[in-house]
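Single-structure report; data block below.
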Amino acid sequence: MRFFRSGKAALAFMAGSLAFASPALAAGDLLVAPTRVVLDGARGTEVILNNIGAETATYRITLELRRMVADGSIDDVATDAASDKEKAALAMISYAPRRVVLPPNQPQSIRIGIRPPADLPDGEYRAHMLFRAIPDAKPVAAPTAAPTGVSIALTPIYGVTIPIIVRKGSLKATAALSDVKREAIDGQPGLSLRIARQGTRSTYGRIRINGADGKTLYETRGIAV
C-alpha cells in the first residue's frame with residue numbers, strides 16, 4: 001500500500017499486512033464512528049451512525065467475515081468456509097437495531113454486545129460489521145416514445161465495514177519493522193518497509209518518520225496488522 005505527501009517525505013508500505021482506520025469513516029452520505037471496536041469484557045459498546053446527506057436514508061446492518069492476507073488486503077469469507085473461531089465470533093456478537101432509517105444530520109446508535117460461551121478458549125475472535133444503504137424504490141416512468149432498444153439504469157449502493165474484535169485471556173503481540181529502504185514510488189522519493197507481527201492478537205498503531213533534527217516528516221495512523 002502506498003501513501004504520499006507533498007514535500008520531502010513519502011512512504012510506501014510493502015507486503016506488511018496493513019489495514020487502516022480513522023476516527024470516523026464516510027461512504028456515500030454515511031458517517032460511522034468509531035471505525036474499530038474491541039470487546040474484552042462483559043460490557044458492550046455502541047457505534048454511532050450519522051446521515052450527512054440531504055435526504056432520509058435507510059441502512060441495513062449485518063455481520064460479515066473477512067480475512068487479512070499478507071499484503072494487507074481484506075478478502076471476503078463465505079460462511080461455509082469459515083473457521084471455528086470465525087463461526088464463534090458470529091455466534092457471540094449481538095447488535096441492535098439491524099435496520100435504521102436516518103433523517104439528515106440525525107445520529108443513531110447501534111448497540112453491540114457479546115455473549116461468549118462458558119467454554120470459549122482464549123484468543124482473538126473477529127468479524128466485520130457492514131452498514132449498507134438500501135436504495136429507495138422508484139416507480140417506473142411510462143415511456144414518452146416507443147422504445148428502440150434495451151435501457152439499463154444503475155443505482156450505486158454504498159456500504160461501510162468496520163472490524164468487531166472480541167478478546168479473551170491474556171493476549172500479547174509484538175510488531176517489528178524490517179527491510180527499510182529508500183526507493184522511487186511513482187516517480188516520487190519514498191520509503192518501503194515490512195511489518196511483521198507475532199503473538200496471539202492483532203496489533204494497532206501508527207508509524208512516524210522523523211528527520212535528523214527530530215521533527216516529524218511523515219506520520220500515518222490506524223495501522224492494524
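Naming works like this for the C-alpha cells: A, B, ... for the chains as they're shown, residue 1 at the start of each chain, ligands 1 onward in shown order.
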
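Residues with any atom within 8 Å of region 198-213 of chain A, counting only C-alpha atoms and excluding same-chain neighbours fewer than 6 positions away, are Gly123, Glu124, Leu171, Lys172, Ala173, Thr174, Ala175, Glu219, Thr220, Arg221, Gly222, Ile223, Ala224 and Val225 of chain A.
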
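Assigned to helix (DSSP H, G or I) in region 25-218 of chain A, given DSSP computed from backbone atoms, are Thr79, Asp80, Ala81, Asp84, Lys85, Glu86, Lys87, Ala88, Ala89, Leu90, Ala91 and Met92 of chain A.
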
Can you write just those residues out, C-alpha atoms, as a PDB file, in the first residue's frame?
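Printed below is part-v6.pdb as written:
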ATOM      1  CA  THR A  79     -19.984 -18.738   5.761  1.00  0.00           C
ATOM      2  CA  ASP A  80     -19.400 -22.342   4.681  1.00  0.00           C
ATOM      3  CA  ALA A  81     -15.633 -21.655   4.536  1.00  0.00           C
ATOM      4  CA  ASP A  84     -14.196 -22.418  14.086  1.00  0.00           C
ATOM      5  CA  LYS A  85     -13.038 -19.078  15.513  1.00  0.00           C
ATOM      6  CA  GLU A  86     -14.910 -17.130  12.823  1.00  0.00           C
ATOM      7  CA  LYS A  87     -18.080 -19.130  13.472  1.00  0.00           C
ATOM      8  CA  ALA A  88     -17.684 -18.460  17.202  1.00  0.00           C
ATOM      9  CA  ALA A  89     -17.370 -14.720  16.524  1.00  0.00           C
ATOM     10  CA  LEU A  90     -20.607 -14.649  14.535  1.00  0.00           C
ATOM     11  CA  ALA A  91     -22.395 -16.636  17.253  1.00  0.00           C
ATOM     12  CA  MET A  92     -21.343 -14.476  20.215  1.00  0.00           C
TER      13      MET A  92
END

Write out as a VMD selection string each polymer residue whose atoms come within 12 Å of Val47 (chain A), counting only C-alpha atoms; drop sequence neighbours fewer than 6 positions from it. chain A and resid 23 to 25 31 to 38 61 95 to 97 107 to 113 129 to 131 161 to 164

Write the selection just made, keeping N, CA, C and O atoms, as an mmCIF file, in the first residue's frame?
data_model
loop_
_atom_site.group_PDB
_atom_site.id
_atom_site.type_symbol
_atom_site.label_atom_id
_atom_site.label_comp_id
_atom_site.auth_asym_id
_atom_site.auth_seq_id
_atom_site.Cartn_x
_atom_site.Cartn_y
_atom_site.Cartn_z
ATOM 1 N N PRO A 23 -10.710 8.064 12.988
ATOM 2 C CA PRO A 23 -11.760 8.230 13.993
ATOM 3 C C PRO A 23 -13.167 8.129 13.442
ATOM 4 O O PRO A 23 -14.086 7.776 14.151
ATOM 5 N N ALA A 24 -13.371 8.462 12.186
ATOM 6 C CA ALA A 24 -14.702 8.341 11.580
ATOM 7 C C ALA A 24 -14.514 8.041 10.107
ATOM 8 O O ALA A 24 -13.541 8.443 9.488
ATOM 9 N N LEU A 25 -15.462 7.317 9.553
ATOM 10 C CA LEU A 25 -15.351 6.882 8.166
ATOM 11 C C LEU A 25 -16.639 7.192 7.436
ATOM 12 O O LEU A 25 -17.718 6.964 7.970
ATOM 13 N N LEU A 31 -21.744 8.478 7.832
ATOM 14 C CA LEU A 31 -20.584 8.685 8.685
ATOM 15 C C LEU A 31 -20.662 7.694 9.832
ATOM 16 O O LEU A 31 -21.706 7.580 10.490
ATOM 17 N N VAL A 32 -19.563 6.968 10.080
ATOM 18 C CA VAL A 32 -19.524 5.930 11.112
ATOM 19 C C VAL A 32 -18.370 6.215 12.065
ATOM 20 O O VAL A 32 -17.256 6.499 11.634
ATOM 21 N N ALA A 33 -18.631 6.116 13.377
ATOM 22 C CA ALA A 33 -17.582 6.295 14.373
ATOM 23 C C ALA A 33 -17.931 5.464 15.614
ATOM 24 O O ALA A 33 -19.084 5.455 16.037
ATOM 25 N N PRO A 34 -16.945 4.741 16.169
ATOM 26 C CA PRO A 34 -15.574 4.586 15.677
ATOM 27 C C PRO A 34 -15.526 3.602 14.517
ATOM 28 O O PRO A 34 -16.549 3.007 14.162
ATOM 29 N N THR A 35 -14.329 3.420 13.962
ATOM 30 C CA THR A 35 -14.180 2.505 12.841
ATOM 31 C C THR A 35 -13.524 1.199 13.261
ATOM 32 O O THR A 35 -13.150 0.397 12.404
ATOM 33 N N ARG A 36 -13.396 0.985 14.544
ATOM 34 C CA ARG A 36 -12.794 -0.256 15.050
ATOM 35 C C ARG A 36 -13.324 -0.482 16.462
ATOM 36 O O ARG A 36 -13.259 0.413 17.300
ATOM 37 N N VAL A 37 -13.866 -1.664 16.723
ATOM 38 C CA VAL A 37 -14.440 -1.970 18.028
ATOM 39 C C VAL A 37 -13.701 -3.167 18.616
ATOM 40 O O VAL A 37 -13.558 -4.201 17.959
ATOM 41 N N VAL A 38 -13.232 -3.028 19.859
ATOM 42 C CA VAL A 38 -12.586 -4.129 20.581
ATOM 43 C C VAL A 38 -13.369 -4.378 21.858
ATOM 44 O O VAL A 38 -13.549 -3.468 22.671
ATOM 45 N N ILE A 61 -27.876 -3.393 8.649
ATOM 46 C CA ILE A 61 -26.651 -3.746 9.367
ATOM 47 C C ILE A 61 -26.548 -5.260 9.441
ATOM 48 O O ILE A 61 -27.491 -5.933 9.874
ATOM 49 N N TYR A 95 -26.151 -7.409 18.268
ATOM 50 C CA TYR A 95 -26.272 -5.980 17.983
ATOM 51 C C TYR A 95 -27.714 -5.637 17.651
ATOM 52 O O TYR A 95 -28.503 -6.493 17.238
ATOM 53 N N ALA A 96 -28.039 -4.387 17.845
ATOM 54 C CA ALA A 96 -29.386 -3.887 17.539
ATOM 55 C C ALA A 96 -29.330 -2.365 17.463
ATOM 56 O O ALA A 96 -28.526 -1.730 18.147
ATOM 57 N N PRO A 97 -30.172 -1.778 16.605
ATOM 58 C CA PRO A 97 -31.068 -2.410 15.634
ATOM 59 C C PRO A 97 -30.309 -2.916 14.424
ATOM 60 O O PRO A 97 -29.117 -2.640 14.263
ATOM 61 N N PRO A 107 -28.097 11.533 14.400
ATOM 62 C CA PRO A 107 -27.309 10.341 14.716
ATOM 63 C C PRO A 107 -28.177 9.203 15.237
ATOM 64 O O PRO A 107 -29.251 9.409 15.792
ATOM 65 N N GLN A 108 -27.668 7.996 15.062
ATOM 66 C CA GLN A 108 -28.338 6.782 15.525
ATOM 67 C C GLN A 108 -27.272 5.854 16.099
ATOM 68 O O GLN A 108 -26.252 5.593 15.460
ATOM 69 N N SER A 109 -27.484 5.347 17.308
ATOM 70 C CA SER A 109 -26.526 4.430 17.914
ATOM 71 C C SER A 109 -26.904 2.986 17.613
ATOM 72 O O SER A 109 -28.082 2.622 17.622
ATOM 73 N N ILE A 110 -25.887 2.163 17.353
ATOM 74 C CA ILE A 110 -26.042 0.723 17.182
ATOM 75 C C ILE A 110 -25.382 0.068 18.398
ATOM 76 O O ILE A 110 -24.178 0.213 18.615
ATOM 77 N N ARG A 111 -26.158 -0.609 19.209
ATOM 78 C CA ARG A 111 -25.638 -1.248 20.410
ATOM 79 C C ARG A 111 -24.999 -2.587 20.057
ATOM 80 O O ARG A 111 -25.589 -3.389 19.337
ATOM 81 N N ILE A 112 -23.804 -2.819 20.586
ATOM 82 C CA ILE A 112 -23.055 -4.043 20.302
ATOM 83 C C ILE A 112 -22.686 -4.707 21.625
ATOM 84 O O ILE A 112 -22.191 -4.047 22.550
ATOM 85 N N GLY A 113 -22.928 -5.985 21.728
ATOM 86 C CA GLY A 113 -22.570 -6.742 22.924
ATOM 87 C C GLY A 113 -22.057 -8.118 22.542
ATOM 88 O O GLY A 113 -22.033 -8.504 21.374
ATOM 89 N N MET A 129 -18.632 -5.653 10.744
ATOM 90 C CA MET A 129 -19.996 -5.134 10.694
ATOM 91 C C MET A 129 -20.152 -4.279 9.445
ATOM 92 O O MET A 129 -19.376 -3.346 9.211
ATOM 93 N N LEU A 130 -21.158 -4.629 8.652
ATOM 94 C CA LEU A 130 -21.400 -3.939 7.380
ATOM 95 C C LEU A 130 -22.651 -3.082 7.490
ATOM 96 O O LEU A 130 -23.721 -3.563 7.884
ATOM 97 N N PHE A 131 -22.512 -1.807 7.150
ATOM 98 C CA PHE A 131 -23.627 -0.862 7.087
ATOM 99 C C PHE A 131 -23.872 -0.579 5.605
ATOM 100 O O PHE A 131 -23.078 0.102 4.962
ATOM 101 N N THR A 161 -17.720 -0.862 6.250
ATOM 102 C CA THR A 161 -17.421 -2.042 7.050
ATOM 103 C C THR A 161 -16.397 -1.691 8.114
ATOM 104 O O THR A 161 -15.398 -1.031 7.825
ATOM 105 N N ILE A 162 -16.643 -2.141 9.357
ATOM 106 C CA ILE A 162 -15.694 -1.937 10.442
ATOM 107 C C ILE A 162 -15.447 -3.273 11.139
ATOM 108 O O ILE A 162 -16.342 -4.120 11.209
ATOM 109 N N PRO A 163 -14.233 -3.501 11.676
ATOM 110 C CA PRO A 163 -13.972 -4.753 12.386
ATOM 111 C C PRO A 163 -14.557 -4.726 13.792
ATOM 112 O O PRO A 163 -14.517 -3.706 14.490
ATOM 113 N N ILE A 164 -15.100 -5.873 14.214
ATOM 114 C CA ILE A 164 -15.555 -6.097 15.578
ATOM 115 C C ILE A 164 -14.670 -7.203 16.148
ATOM 116 O O ILE A 164 -14.712 -8.341 15.671
#

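Closest approach to Leu102 (chain A) among A:Arg194, A:Arg60, A:Arg167, A:Lys181: A:Arg60, based on only C-alpha atoms.
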
Write out as a PyMOL selection string all residues of region 47-144 of chain A that DSSP puts in strand (DSSP E or B) for this structure's backbone. chain A and resi 47-51+57-64+66-68+74-76+93-96+99-102+108-114+123-134

Could you state the separation of CA of Asp40 (chain A) and CA of Gly169 (chain A) in Å, given to one decimal place? 8.5 Å

Atomic distance CA of Ile114 (chain A) - CA of Tyr59 (chain A), expressed in Å with one decimal: 22.3 Å

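Distance check against Arg115 (chain A) using only C-alpha atoms: of A:Ala70, A:Ala184, A:Val166, A:Ile93, the minimum falls on A:Ile93.
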
From the set A:Val150, A:Leu177, A:Ala127, A:Ile165, which residue has the shortest atom-to-atom contact distance to Ile74 (chain A), counting only C-alpha atoms? A:Ala127

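Coordinates place CA of Arg126 (chain A) at a distance of 17.0 Å from CA of Arg43 (chain A).
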
If we count only C-alpha atoms and set the cut-off at 10 Å, which residues sit around Pro103 (chain A), ignoring sequence neighbours fewer than 3 positions away in its own chain? Please answer as a list in words. Asn50, Asn51, Ile52, Gly53, Ala54, Glu55, Thr56, Ala57, Thr58, Val100, Gln106, Pro107 and Gln108 of chain A

Residues just named, written with N, CA and C atoms as a compact mmCIF listing (two decimals), in the first residue's frame:
# COMPACT_ATOMS: atom_id res chain seq x y z
N ASN A 50 -24.34 8.50 11.30
CA ASN A 50 -24.87 9.83 11.03
C ASN A 50 -25.03 10.00 9.52
N ASN A 51 -26.21 10.38 9.12
CA ASN A 51 -26.50 10.64 7.71
C ASN A 51 -26.13 12.09 7.42
N ILE A 52 -25.05 12.29 6.66
CA ILE A 52 -24.59 13.64 6.36
C ILE A 52 -25.13 14.13 5.02
N GLY A 53 -26.07 13.37 4.44
CA GLY A 53 -26.67 13.78 3.18
C GLY A 53 -27.85 14.71 3.40
N ALA A 54 -28.51 15.06 2.32
CA ALA A 54 -29.65 15.99 2.37
C ALA A 54 -30.99 15.28 2.40
N GLU A 55 -31.01 13.95 2.24
CA GLU A 55 -32.25 13.20 2.20
C GLU A 55 -32.22 12.06 3.21
N THR A 56 -33.40 11.63 3.65
CA THR A 56 -33.51 10.49 4.55
C THR A 56 -33.00 9.24 3.85
N ALA A 57 -32.25 8.41 4.58
CA ALA A 57 -31.66 7.21 4.01
C ALA A 57 -31.90 6.02 4.93
N THR A 58 -31.96 4.83 4.35
CA THR A 58 -32.17 3.59 5.09
C THR A 58 -30.93 2.71 4.97
N VAL A 100 -32.00 0.73 10.09
CA VAL A 100 -32.26 2.07 10.59
C VAL A 100 -32.66 2.98 9.45
N GLN A 106 -29.09 13.39 11.77
CA GLN A 106 -29.64 12.83 13.00
C GLN A 106 -28.89 11.54 13.33
N PRO A 107 -28.10 11.53 14.40
CA PRO A 107 -27.31 10.34 14.72
C PRO A 107 -28.18 9.20 15.24
N GLN A 108 -27.67 8.00 15.06
CA GLN A 108 -28.34 6.78 15.52
C GLN A 108 -27.27 5.85 16.10
